[in-house]
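Source file: model-v1.csv; contents: CSV, C-alpha atoms and all ligand atoms.
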```csv
chain,number,residue,atom,x,y,z
A,808,MET,CA,1.4,-3.5,16.6
A,809,GLN,CA,2.3,0.1,16.5
A,810,GLN,CA,-0.9,2.2,16.7
A,811,ARG,CA,-1.2,5.8,15.4
A,812,HIS,CA,-3.8,8.4,16.1
A,813,ALA,CA,-5.6,10.2,13.3
A,814,THR,CA,-4.2,13.5,12.0
A,815,SER,CA,-6.2,16.6,11.3
A,816,PRO,CA,-5.0,19.2,8.8
A,817,GLU,CA,-4.2,21.9,11.5
A,818,GLN,CA,-1.6,19.5,13.0
A,819,LEU,CA,0.6,19.9,9.9
A,820,LEU,CA,0.8,23.7,10.3
A,821,GLY,CA,4.3,24.3,11.7
A,822,ALA,CA,5.2,20.6,11.8
A,823,THR,CA,8.8,19.8,11.4
A,824,SER,CA,10.0,17.2,8.9
A,825,GLN,CA,10.3,14.7,11.7
A,826,GLU,CA,6.7,15.4,12.9
A,827,VAL,CA,5.3,14.9,9.4
A,828,ARG,CA,7.3,11.6,9.1
A,829,ASP,CA,6.0,10.4,12.5
A,830,ARG,CA,2.4,10.9,11.4
A,831,PHE,CA,2.5,9.7,7.8
A,832,LEU,CA,5.6,7.7,7.0
A,833,VAL,CA,5.8,4.0,7.9
A,834,ALA,CA,9.4,2.9,7.6
A,835,ASP,CA,11.1,-0.3,8.9
A,836,LEU,CA,8.1,-2.6,8.0
A,837,PHE,CA,10.4,-5.2,6.4
A,838,VAL,CA,12.7,-6.9,8.9
A,839,PRO,CA,14.0,-10.4,8.2
A,840,GLY,CA,12.3,-13.0,10.3
A,841,GLU,CA,9.5,-10.7,11.5
A,842,VAL,CA,5.9,-9.6,10.8
A,843,ARG,CA,5.5,-5.9,11.5
A,844,LEU,CA,2.2,-4.1,11.7
A,845,THR,CA,1.2,-0.5,12.0
A,846,GLY,CA,-2.5,0.5,12.6
A,847,THR,CA,-4.0,3.9,11.9
A,848,GLU,CA,-7.3,5.4,13.2
A,849,HIS,CA,-7.8,6.6,9.6
A,850,ASP,CA,-10.5,4.1,8.4
A,851,ARG,CA,-8.9,1.6,10.8
A,852,VAL,CA,-6.4,0.5,8.2
A,853,VAL,CA,-3.5,-1.7,9.2
A,854,VAL,CA,-0.3,-1.9,7.0
A,855,GLY,CA,2.5,-4.4,7.6
A,856,GLY,CA,5.4,-6.3,6.3
A,857,ALA,CA,6.4,-9.9,6.5
A,858,VAL,CA,9.9,-11.2,5.6
A,859,PRO,CA,10.2,-14.9,6.2
A,860,VAL,CA,13.7,-16.3,6.3
A,861,GLY,CA,13.9,-20.0,7.4
A,862,GLU,CA,10.8,-20.8,9.4
A,863,PRO,CA,7.4,-19.6,8.1
A,864,LEU,CA,5.9,-16.6,9.8
A,865,ALA,CA,2.3,-16.6,11.0
A,866,LEU,CA,0.1,-13.5,10.8
A,867,PRO,CA,-0.5,-12.6,14.4
A,868,ALA,CA,-3.6,-11.4,16.1
A,869,PRO,CA,-2.4,-8.1,17.8
A,870,ALA,CA,-4.0,-7.3,21.2
A,871,GLU,CA,-5.2,-4.0,19.8
A,872,LEU,CA,-7.7,-5.8,17.5
A,873,ARG,CA,-9.3,-7.8,20.4
A,874,ALA,CA,-9.8,-10.6,17.9
A,875,ALA,CA,-9.2,-14.4,18.2
A,876,PHE,CA,-7.4,-14.2,14.8
A,877,PHE,CA,-6.3,-11.3,12.6
A,878,LEU,CA,-9.0,-11.8,9.9
A,879,GLU,CA,-11.9,-12.4,12.3
A,880,ARG,CA,-13.4,-9.0,11.3
A,881,ARG,CA,-11.0,-8.0,8.6
A,882,GLU,CA,-9.9,-8.5,5.0
A,883,LEU,CA,-6.3,-8.4,3.7
A,884,GLY,CA,-4.4,-7.5,0.6
A,885,VAL,CA,-0.8,-9.0,0.2
A,886,VAL,CA,1.6,-7.9,-2.4
A,887,ASN,CA,5.1,-9.5,-2.7
A,888,VAL,CA,7.7,-6.8,-3.3
A,889,GLY,CA,10.7,-9.2,-2.7
A,890,GLY,CA,11.9,-12.6,-4.0
A,891,PRO,CA,9.5,-15.4,-4.7
A,892,GLY,CA,7.5,-16.6,-1.8
A,893,VAL,CA,4.5,-18.6,-0.6
A,894,VAL,CA,1.4,-17.6,1.4
A,895,THR,CA,-0.7,-20.4,2.9
A,896,VAL,CA,-4.3,-19.5,3.9
A,897,ASP,CA,-6.0,-22.2,6.0
A,898,GLY,CA,-4.0,-24.9,4.2
A,899,ASP,CA,-4.4,-23.5,0.6
A,900,VAL,CA,-1.0,-22.7,-0.9
A,901,TYR,CA,-0.4,-19.7,-3.1
A,902,ASP,CA,2.9,-18.9,-4.9
A,903,LEU,CA,3.6,-15.2,-5.1
A,904,ALA,CA,6.3,-14.0,-7.5
A,905,HIS,CA,7.6,-10.4,-7.2
A,906,GLY,CA,4.6,-8.2,-7.9
A,907,ALA,CA,1.9,-10.8,-7.3
A,908,CYS,CA,-1.1,-10.0,-5.1
A,909,LEU,CA,-3.2,-12.2,-2.9
A,910,TYR,CA,-6.5,-10.9,-1.6
A,911,VAL,CA,-7.5,-12.8,1.5
A,912,GLY,CA,-11.2,-12.7,2.6
A,913,ARG,CA,-12.6,-12.2,6.1
A,914,GLY,CA,-12.6,-15.2,8.3
A,915,ALA,CA,-9.4,-17.0,7.3
A,916,ARG,CA,-7.9,-18.3,10.6
A,917,GLU,CA,-4.3,-19.1,9.6
A,918,VAL,CA,-2.2,-17.1,7.3
A,919,LEU,CA,1.5,-18.3,6.9
A,920,PHE,CA,4.2,-16.5,5.0
A,921,ALA,CA,7.2,-18.5,3.7
A,922,GLY,CA,10.2,-18.2,1.4
A,923,GLY,CA,10.4,-19.8,-2.0
A,924,SER,CA,12.6,-22.7,-2.7
A,925,GLY,CA,16.3,-22.2,-3.4
A,926,ASP,CA,19.1,-21.5,-0.9
A,927,GLY,CA,20.5,-18.0,-0.8
A,928,ALA,CA,17.6,-16.6,-2.8
A,929,GLU,CA,16.3,-13.2,-2.0
A,930,PRO,CA,13.6,-13.6,0.7
A,931,PRO,CA,10.1,-12.6,-0.1
A,932,ALA,CA,8.9,-9.3,1.3
A,933,PHE,CA,5.1,-9.4,1.7
A,934,TYR,CA,3.4,-6.0,2.0
A,935,LEU,CA,0.1,-6.2,4.0
A,936,PHE,CA,-2.9,-3.8,3.8
A,937,SER,CA,-5.9,-4.6,5.9
A,938,ALA,CA,-9.3,-3.0,6.6
A,939,PRO,CA,-12.4,-4.0,8.6
A,940,ALA,CA,-14.8,-6.2,6.7
A,941,HIS,CA,-18.4,-7.1,7.2
A,942,VAL,CA,-18.7,-9.7,4.4
A,943,THR,CA,-16.5,-12.5,3.3
A,944,CYS,CA,-15.2,-12.4,-0.3
A,945,PRO,CA,-13.2,-15.3,-1.9
A,946,THR,CA,-9.5,-15.4,-1.6
A,947,VAL,CA,-7.9,-14.7,-5.0
A,948,LEU,CA,-4.4,-14.7,-6.4
A,949,THR,CA,-3.5,-12.2,-9.1
A,950,PRO,CA,-0.1,-12.9,-10.9
A,951,PRO,CA,2.4,-10.0,-11.6
A,952,GLY,CA,1.1,-7.8,-14.3
A,953,GLY,CA,-2.5,-8.9,-13.8
A,954,GLY,CA,-5.6,-6.8,-13.1
A,955,THR,CA,-7.2,-4.0,-15.2
A,956,VAL,CA,-4.3,-2.1,-16.8
A,957,LEU,CA,-4.5,1.6,-17.4
A,958,GLU,CA,-1.7,3.3,-19.4
A,959,LEU,CA,-1.4,6.8,-18.0
A,960,GLY,CA,0.7,9.9,-18.5
A,961,ASP,CA,3.2,10.9,-21.1
A,962,PRO,CA,7.0,10.7,-21.4
A,963,LEU,CA,7.0,14.5,-22.2
A,964,THR,CA,5.7,15.2,-18.7
A,965,SER,CA,7.8,12.4,-17.1
A,966,ASN,CA,4.8,10.5,-15.9
A,967,ARG,CA,4.3,7.6,-18.2
A,968,ARG,CA,3.1,4.7,-16.0
A,969,SER,CA,1.1,1.5,-16.1
A,970,LEU,CA,-1.6,1.3,-13.4
A,971,HIS,CA,-2.9,-2.1,-12.5
A,972,GLN,CA,-6.2,-2.1,-10.7
A,973,ILE,CA,-6.3,-5.5,-8.9
A,974,VAL,CA,-8.8,-5.4,-6.1
A,975,HIS,CA,-11.6,-3.1,-7.3
A,976,GLU,CA,-15.2,-2.9,-8.5
A,977,GLY,CA,-14.4,-4.5,-11.9
A,978,GLY,CA,-11.9,-7.1,-10.6
A,979,VAL,CA,-11.2,-9.0,-7.5
A,980,ARG,CA,-14.0,-8.3,-5.1
A,981,SER,CA,-13.7,-7.1,-1.5
A,982,CYS,CA,-15.7,-5.6,1.3
A,983,GLN,CA,-14.0,-2.2,1.2
A,984,ILE,CA,-10.3,-2.6,0.0
A,985,VAL,CA,-9.4,-1.1,-3.4
A,986,LEU,CA,-5.8,-2.0,-4.3
A,987,GLY,CA,-3.4,-2.0,-7.2
A,988,VAL,CA,0.2,-1.5,-8.4
A,989,THR,CA,1.5,1.3,-10.5
A,990,ARG,CA,4.9,1.1,-12.2
A,991,LEU,CA,6.7,4.1,-13.7
A,992,HIS,CA,8.2,3.6,-17.1
A,993,PRO,CA,12.0,4.1,-17.4
A,994,GLY,CA,12.7,7.8,-17.6
A,995,SER,CA,9.3,8.8,-16.0
A,996,MET,CA,9.3,9.9,-12.4
A,997,TRP,CA,5.9,11.5,-11.5
A,998,ASN,CA,2.8,9.8,-10.2
A,999,THR,CA,-0.6,11.4,-9.8
A,1000,MET,CA,0.0,14.9,-11.0
A,1001,PRO,CA,-2.4,16.8,-11.1
A,1002,ALA,CA,-2.9,15.5,-7.5
A,1003,HIS,CA,-6.2,14.6,-6.0
A,1004,THR,CA,-8.0,13.8,-2.7
A,1005,HIS,CA,-10.9,11.4,-2.0
A,1006,ALA,CA,-12.6,12.5,1.2
A,1007,ARG,CA,-14.4,9.2,1.4
A,1008,ARG,CA,-11.2,7.0,1.5
A,1009,THR,CA,-7.9,6.7,3.2
A,1010,GLU,CA,-5.1,5.7,0.9
A,1011,CYS,CA,-1.7,4.2,1.6
A,1012,TYR,CA,1.3,4.0,-0.8
A,1013,LEU,CA,4.1,1.5,-0.5
A,1014,TYR,CA,7.0,2.5,-2.7
A,1015,PHE,CA,9.1,-0.4,-4.0
A,1016,ASP,CA,11.7,-1.1,-6.6
A,1017,VAL,CA,13.2,2.3,-5.7
A,1018,PRO,CA,17.0,2.1,-6.4
A,1019,ASP,CA,19.1,2.2,-3.2
A,1020,ASP,CA,20.5,5.7,-3.9
A,1021,ALA,CA,17.2,7.1,-5.2
A,1022,ARG,CA,14.3,8.7,-3.2
A,1023,VAL,CA,10.7,9.7,-3.9
A,1024,LEU,CA,9.7,13.2,-2.8
A,1025,HIS,CA,6.1,12.5,-1.8
A,1026,LEU,CA,3.5,15.3,-1.4
A,1027,CYS,CA,1.0,15.2,1.4
A,1028,GLY,CA,-1.3,17.6,3.2
A,1029,GLU,CA,-4.2,19.7,2.0
A,1030,PRO,CA,-3.9,20.8,-1.7
A,1031,ARG,CA,-3.3,24.4,-0.8
A,1032,GLU,CA,-1.0,23.7,2.2
A,1033,THR,CA,1.2,20.8,1.0
A,1034,ARG,CA,4.1,19.2,2.9
A,1035,HIS,CA,6.5,16.6,1.6
A,1036,LEU,CA,8.2,13.4,2.7
A,1037,VAL,CA,11.5,12.0,1.4
A,1038,VAL,CA,10.7,8.3,1.0
A,1039,GLY,CA,13.0,5.4,0.3
A,1040,ASP,CA,12.5,1.8,-1.0
A,1041,ARG,CA,9.9,-0.2,0.8
A,1042,GLU,CA,8.6,2.6,2.9
A,1043,ALA,CA,4.8,3.3,3.2
A,1044,VAL,CA,2.9,6.6,3.4
A,1045,ILE,CA,-0.6,7.1,5.0
A,1046,ALA,CA,-2.8,9.7,3.3
A,1047,PRO,CA,-6.0,10.6,5.2
A,1048,GLY,CA,-9.0,11.5,3.0
A,1049,TRP,CA,-8.1,15.2,3.1
A,1050,SER,CA,-4.5,14.7,1.9
A,1051,VAL,CA,-3.0,14.7,-1.5
A,1052,HIS,CA,-0.7,11.8,-2.3
A,1053,SER,CA,1.6,12.3,-5.2
A,1054,GLY,CA,5.3,11.8,-5.7
A,1055,VAL,CA,8.3,12.4,-7.9
A,1056,GLY,CA,11.3,10.1,-7.8
A,1057,THR,CA,14.9,10.7,-8.6
A,1058,ALA,CA,14.5,7.5,-10.6
A,1059,ALA,CA,11.7,5.3,-11.8
A,1060,TYR,CA,10.0,3.2,-9.2
A,1061,ALA,CA,6.8,1.2,-8.5
A,1062,PHE,CA,4.2,1.5,-5.7
A,1063,VAL,CA,1.3,-0.4,-4.2
A,1064,TRP,CA,-1.7,1.9,-3.7
A,1065,ALA,CA,-4.5,0.7,-1.5
A,1066,MET,CA,-7.6,2.4,-0.1
A,1067,ALA,CA,-10.4,1.7,2.3
A,1068,GLY,CA,-13.4,3.7,3.4
A,1069,GLU,CA,-16.9,4.8,2.5
A,1070,ASN,CA,-17.0,3.6,-1.1
A,1071,GLN,CA,-14.9,1.8,-3.8
A,1072,ALA,CA,-15.5,4.1,-6.8
A,1073,PHE,CA,-12.0,4.6,-8.2
A,1074,ASP,CA,-13.1,7.7,-10.0
A,1075,ASP,CA,-14.6,9.4,-6.9
A,1076,MET,CA,-11.7,11.9,-6.7
A,1077,ASP,CA,-11.4,15.6,-6.5
A,1078,GLY,CA,-8.6,16.8,-8.7
A,1079,PHE,CA,-6.5,19.9,-8.2
A,1080,PRO,CA,-4.8,21.6,-11.2
A,1081,VAL,CA,-1.1,21.9,-10.8
A,1082,ALA,CA,-1.3,25.7,-10.6
A,1083,SER,CA,-3.7,25.6,-7.7
A,1084,LEU,CA,-1.3,23.7,-5.4
A,1085,ARG,CA,0.5,25.6,-2.6
B,1101,LIG,O1,-6.8,7.0,-5.9
B,1101,LIG,C1,-6.0,6.4,-6.7
B,1101,LIG,C2,-4.6,6.4,-6.4
B,1101,LIG,O2,-4.2,7.6,-5.9
B,1101,LIG,C3,-3.7,5.8,-7.4
B,1101,LIG,O3,-4.3,4.9,-8.2
B,1101,LIG,C4,-2.9,6.8,-8.2
B,1101,LIG,C5,-1.9,6.1,-9.1
B,1101,LIG,O4,-1.6,4.9,-8.9
B,1101,LIG,C6,-1.2,6.8,-10.2
B,1101,LIG,O5,-1.6,8.0,-10.4
B,1101,LIG,O6,-0.3,6.3,-10.7
B,1102,ZN,ZN,-5.8,8.5,-4.6
```
Starting from the coordinates I provided, produce the structure as structure tokens.
Ligand SMILES: O=C[C@H](O)[C@@H](O)CC(=O)C(=O)O
Ligand SMILES: [Zn+2]
Amino acid sequence: MQQRHATSPEQLLGATSQEVRDRFLVADLFVPGEVRLTGTEHDRVVVGGAVPVGEPLALPAPAELRAAFFLERRELGVVNVGGPGVVTVDGDVYDLAHGACLYVGRGAREVLFAGGSGDGAEPPAFYLFSAPAHVTCPTVLTPPGGGTVLELGDPLTSNRRSLHQIVHEGGVRSCQIVLGVTRLHPGSMWNTMPAHTHARRTECYLYFDVPDDARVLHLCGEPRETRHLVVGDREAVIAPGWSVHSGVGTAAYAFVWAMAGENQAFDDMDGFPVASLR
């Protein structure tokens, strides 16, 4: 597992593009035949990718966790951003189409990732988001398009989007993960503007369904001292509680947003009017 230290706001002052990327961008998570994991000290979140081709892949127990198995003291959200696939949790089999989400509760010993049936089909690409957990909640599959749906934004401001709250206080229960999927409508490019922070939670975005030749310009940093990252398809971004997280694509896209920390109140945000950003 790649392990990253926490970042404080002062460390972004004078940072080069590469230094900002090294701190916040998680690229290369999705490699055929591998499970890749990156841990951050921010709320002890782990993000990962699993792309099974041929043999099923097992979720490993990285040495950094000092755990007998990955979910010994953790919970996990899985979103499939690739072709159809299967996740098996202690023998229970779950089919995940593109955009489906599986929440896996603490204590599951064996998590296996496998491809769907059909030769030459696009392999699944399972995005993983994990946080420490002190209680066990049931493992729940949510099909694509499920969850509590919020229609946000307006085509006139290029931010019309459907936000699906999946793991949250009013839906699939968890210890601390709050997770969902937002999809921009065609012709809309902006997410989360006006931008916000939530000092009590770390949030990660995983951009997906970004066209090959498109990129998302993702804002990070303190609201009055922003930086940006140029983000491609299936790349993740870590936002500490003090950082805004907002982006504009050169085309429409989708993203998995996922949080962990002190509370699960989705509305516990501090918003910043557009004109206040620097
Ligand atoms: O704290 C919540 C998160 O930033 C996301 O839910 C924002 C988002 O999906 C959107 O505006 O489209
Ligand atoms: Zn947020």
Contact table chain A vs ligand LIG 1101 (chain B), cut-off 7 Å, shortest pair per residue, all atoms listed in the file, as JSON lines:
```
{"residue": "A:Arg968", "atom": "CA", "partner": "B:LIG1101", "partner_atom": "O6", "distance": 6.5}
{"residue": "A:Leu970", "atom": "CA", "partner": "B:LIG1101", "partner_atom": "O4", "distance": 5.8}
{"residue": "A:Val988", "atom": "CA", "partner": "B:LIG1101", "partner_atom": "O4", "distance": 6.7}
{"residue": "A:Thr989", "atom": "CA", "partner": "B:LIG1101", "partner_atom": "O4", "distance": 5.0}
{"residue": "A:Asn998", "atom": "CA", "partner": "B:LIG1101", "partner_atom": "O6", "distance": 4.7}
{"residue": "A:Thr999", "atom": "CA", "partner": "B:LIG1101", "partner_atom": "O5", "distance": 3.6}
{"residue": "A:His1052", "atom": "CA", "partner": "B:LIG1101", "partner_atom": "O2", "distance": 6.5}
{"residue": "A:Trp1064", "atom": "CA", "partner": "B:LIG1101", "partner_atom": "C3", "distance": 5.7}
{"residue": "A:Phe1073", "atom": "CA", "partner": "B:LIG1101", "partner_atom": "O1", "distance": 6.2}
{"residue": "A:Met1076", "atom": "CA", "partner": "B:LIG1101", "partner_atom": "O1", "distance": 7.0}
```
**OP:** Step by step: start from the point (2.4, -1.0, 8.3) in the file's coordinates, keep every protein, DNA or RNA residue that has an atom no farther than 10 Å from it, count all atoms listed in the file, and write the set as an MDAnalysis selection string.
**Re:** chainID A and resid 808:810 832:837 842:847 852:857 934:937 1011 1013 1042:1045
Store the residues of this selection in a file with C-alpha atoms, as a compact mmCIF listing (two decimals), in the coordinates of the input.
```txt
# COMPACT_ATOMS: atom_id res chain seq x y z
CA MET A 808 1.40 -3.50 16.60
CA GLN A 809 2.30 0.10 16.50
CA GLN A 810 -0.90 2.20 16.70
CA LEU A 832 5.60 7.70 7.00
CA VAL A 833 5.80 4.00 7.90
CA ALA A 834 9.40 2.90 7.60
CA ASP A 835 11.10 -0.30 8.90
CA LEU A 836 8.10 -2.60 8.00
CA PHE A 837 10.40 -5.20 6.40
CA VAL A 842 5.90 -9.60 10.80
CA ARG A 843 5.50 -5.90 11.50
CA LEU A 844 2.20 -4.10 11.70
CA THR A 845 1.20 -0.50 12.00
CA GLY A 846 -2.50 0.50 12.60
CA THR A 847 -4.00 3.90 11.90
CA VAL A 852 -6.40 0.50 8.20
CA VAL A 853 -3.50 -1.70 9.20
CA VAL A 854 -0.30 -1.90 7.00
CA GLY A 855 2.50 -4.40 7.60
CA GLY A 856 5.40 -6.30 6.30
CA ALA A 857 6.40 -9.90 6.50
CA TYR A 934 3.40 -6.00 2.00
CA LEU A 935 0.10 -6.20 4.00
CA PHE A 936 -2.90 -3.80 3.80
CA SER A 937 -5.90 -4.60 5.90
CA CYS A 1011 -1.70 4.20 1.60
CA LEU A 1013 4.10 1.50 -0.50
CA GLU A 1042 8.60 2.60 2.90
CA ALA A 1043 4.80 3.30 3.20
CA VAL A 1044 2.90 6.60 3.40
CA ILE A 1045 -0.60 7.10 5.00
```
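Using all atoms listed in the file, residues with at least one atom at most 7 Å away from any atom of ligand ZN 1102 (chain B) are His1003, Thr1004, His1005, Glu1010 and His1052 of chain A.
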Only C-alpha atoms, please: the residues just picked out, written as a PDB file, keeping the file's coordinate frame.
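File again11.pdb, as written:
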```pdb
ATOM      1  CA  HIS A1003      -6.200  14.600  -6.000  1.00  0.00           C
ATOM      2  CA  THR A1004      -8.000  13.800  -2.700  1.00  0.00           C
ATOM      3  CA  HIS A1005     -10.900  11.400  -2.000  1.00  0.00           C
ATOM      4  CA  GLU A1010      -5.100   5.700   0.900  1.00  0.00           C
ATOM      5  CA  HIS A1052      -0.700  11.800  -2.300  1.00  0.00           C
TER       6      HIS A1052
END
```
**OP:** May I have the residues within 9 Å of Arg990 of chain A as a ChimeraX atom specification, using all atoms listed in the file and disregarding those fewer than 3 positions away in the same chain?
**Re:** /A:967-971,1059-1063
Original post:
Of the candidates A:Tyr901, A:Leu1024, A:Thr1009, A:Met996, which one gets nearest to Asp961 of chain A if we count only C-alpha atoms?
Top reply: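 Result for the nearest residue to Asp961 of chain A: A:Met996.
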**OP:** Could you give me, as a ChimeraX atom specification, the residues that have an atom at most 9 Å away from the point (8.9, -13.3, -4.6) in the coordinates of the file, using only C-alpha atoms?
**Re:** /A:887-893,902-907,922-923,929-933
Original post:
Looking at all atoms listed in the file, which of A:Gly960, A:Pro1080, A:Pro1018, A:Pro951 is the one that sits closest to Val886 of chain A?
Top reply: A:Pro951
Original post:
So what do you get for atom CA of Trp997 of chain A versus atom CA of Asp1074 of chain A, distance-wise?
Top reply: 19.4 Å
**OP:** Compile the contact shell of His975 of chain A as a ChimeraX atom specification: residues with an atom at most 10 Å away, counting all atoms listed in the file, same-chain residues fewer than 5 positions apart removed.
**Re:** /A:954-955,980-987,1065-1066,1071-1073
**OP:** Calculate how many Å separate atom CA of Leu883 of chain A from atom CA of Asp897 of chain A, rounding to one decimal.
**Re:**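 Atom CA of Leu883 of chain A sits 14.0 Å away from atom CA of Asp897 of chain A.
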Original post:
Between A:Val942, A:Val979, A:Leu959, A:Ala1046, which one has atoms that come closest to Glu848 of chain A, using only C-alpha atoms?
Top reply: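 For Glu848 of chain A, the nearest of the candidates is A:Ala1046.
We find atom CA of Leu991 of chain A and atom CA of Asp1016 of chain A to be spaced 10.1 Å apart.
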Original post:
Got a sec: who's within 8 Å of Phe877 of chain A, counting all atoms listed in the file, leaving out chain neighbours fewer than 2 positions off, as a count of residues only?
Top reply: 11
Would you mind writing segment 900-916 of chain A with N, CA and C atoms, as a CSV table (one decimal), keeping the file's coordinate frame?
```csv
chain,number,residue,atom,x,y,z
A,900,VAL,N,-2.3,-23.3,-0.6
A,900,VAL,CA,-1.0,-22.7,-0.9
A,900,VAL,C,-1.0,-21.8,-2.1
A,901,TYR,N,-0.5,-20.6,-2.0
A,901,TYR,CA,-0.4,-19.7,-3.1
A,901,TYR,C,1.0,-19.3,-3.3
A,902,ASP,N,1.5,-19.4,-4.6
A,902,ASP,CA,2.9,-18.9,-4.9
A,902,ASP,C,2.8,-17.5,-5.4
A,903,LEU,N,3.6,-16.6,-4.7
A,903,LEU,CA,3.6,-15.2,-5.1
A,903,LEU,C,5.0,-14.8,-5.6
A,904,ALA,N,5.1,-14.6,-6.9
A,904,ALA,CA,6.3,-14.0,-7.5
A,904,ALA,C,6.3,-12.5,-7.2
A,905,HIS,N,7.5,-11.9,-7.4
A,905,HIS,CA,7.6,-10.4,-7.2
A,905,HIS,C,6.5,-9.7,-8.0
A,906,GLY,N,5.7,-8.9,-7.3
A,906,GLY,CA,4.6,-8.2,-7.9
A,906,GLY,C,3.3,-8.9,-7.9
A,907,ALA,N,3.2,-10.1,-7.4
A,907,ALA,CA,1.9,-10.8,-7.3
A,907,ALA,C,1.1,-10.3,-6.1
A,908,CYS,N,-0.2,-10.5,-6.2
A,908,CYS,CA,-1.1,-10.0,-5.1
A,908,CYS,C,-2.0,-11.1,-4.7
A,909,LEU,N,-2.2,-11.3,-3.4
A,909,LEU,CA,-3.2,-12.2,-2.9
A,909,LEU,C,-4.2,-11.4,-2.1
A,910,TYR,N,-5.4,-11.5,-2.5
A,910,TYR,CA,-6.5,-10.9,-1.6
A,910,TYR,C,-7.0,-12.1,-0.7
A,911,VAL,N,-7.1,-11.8,0.6
A,911,VAL,CA,-7.5,-12.8,1.5
A,911,VAL,C,-8.8,-12.3,2.2
A,912,GLY,N,-9.9,-13.1,2.1
A,912,GLY,CA,-11.2,-12.7,2.6
A,912,GLY,C,-11.3,-12.8,4.1
A,913,ARG,N,-12.3,-12.1,4.6
A,913,ARG,CA,-12.6,-12.2,6.1
A,913,ARG,C,-12.8,-13.6,6.5
A,914,GLY,N,-12.3,-14.0,7.7
A,914,GLY,CA,-12.6,-15.2,8.3
A,914,GLY,C,-11.5,-16.3,8.2
A,915,ALA,N,-10.5,-16.0,7.4
A,915,ALA,CA,-9.4,-17.0,7.3
A,915,ALA,C,-8.7,-17.0,8.7
A,916,ARG,N,-8.5,-18.2,9.2
A,916,ARG,CA,-7.9,-18.3,10.6
A,916,ARG,C,-6.4,-18.3,10.6
```
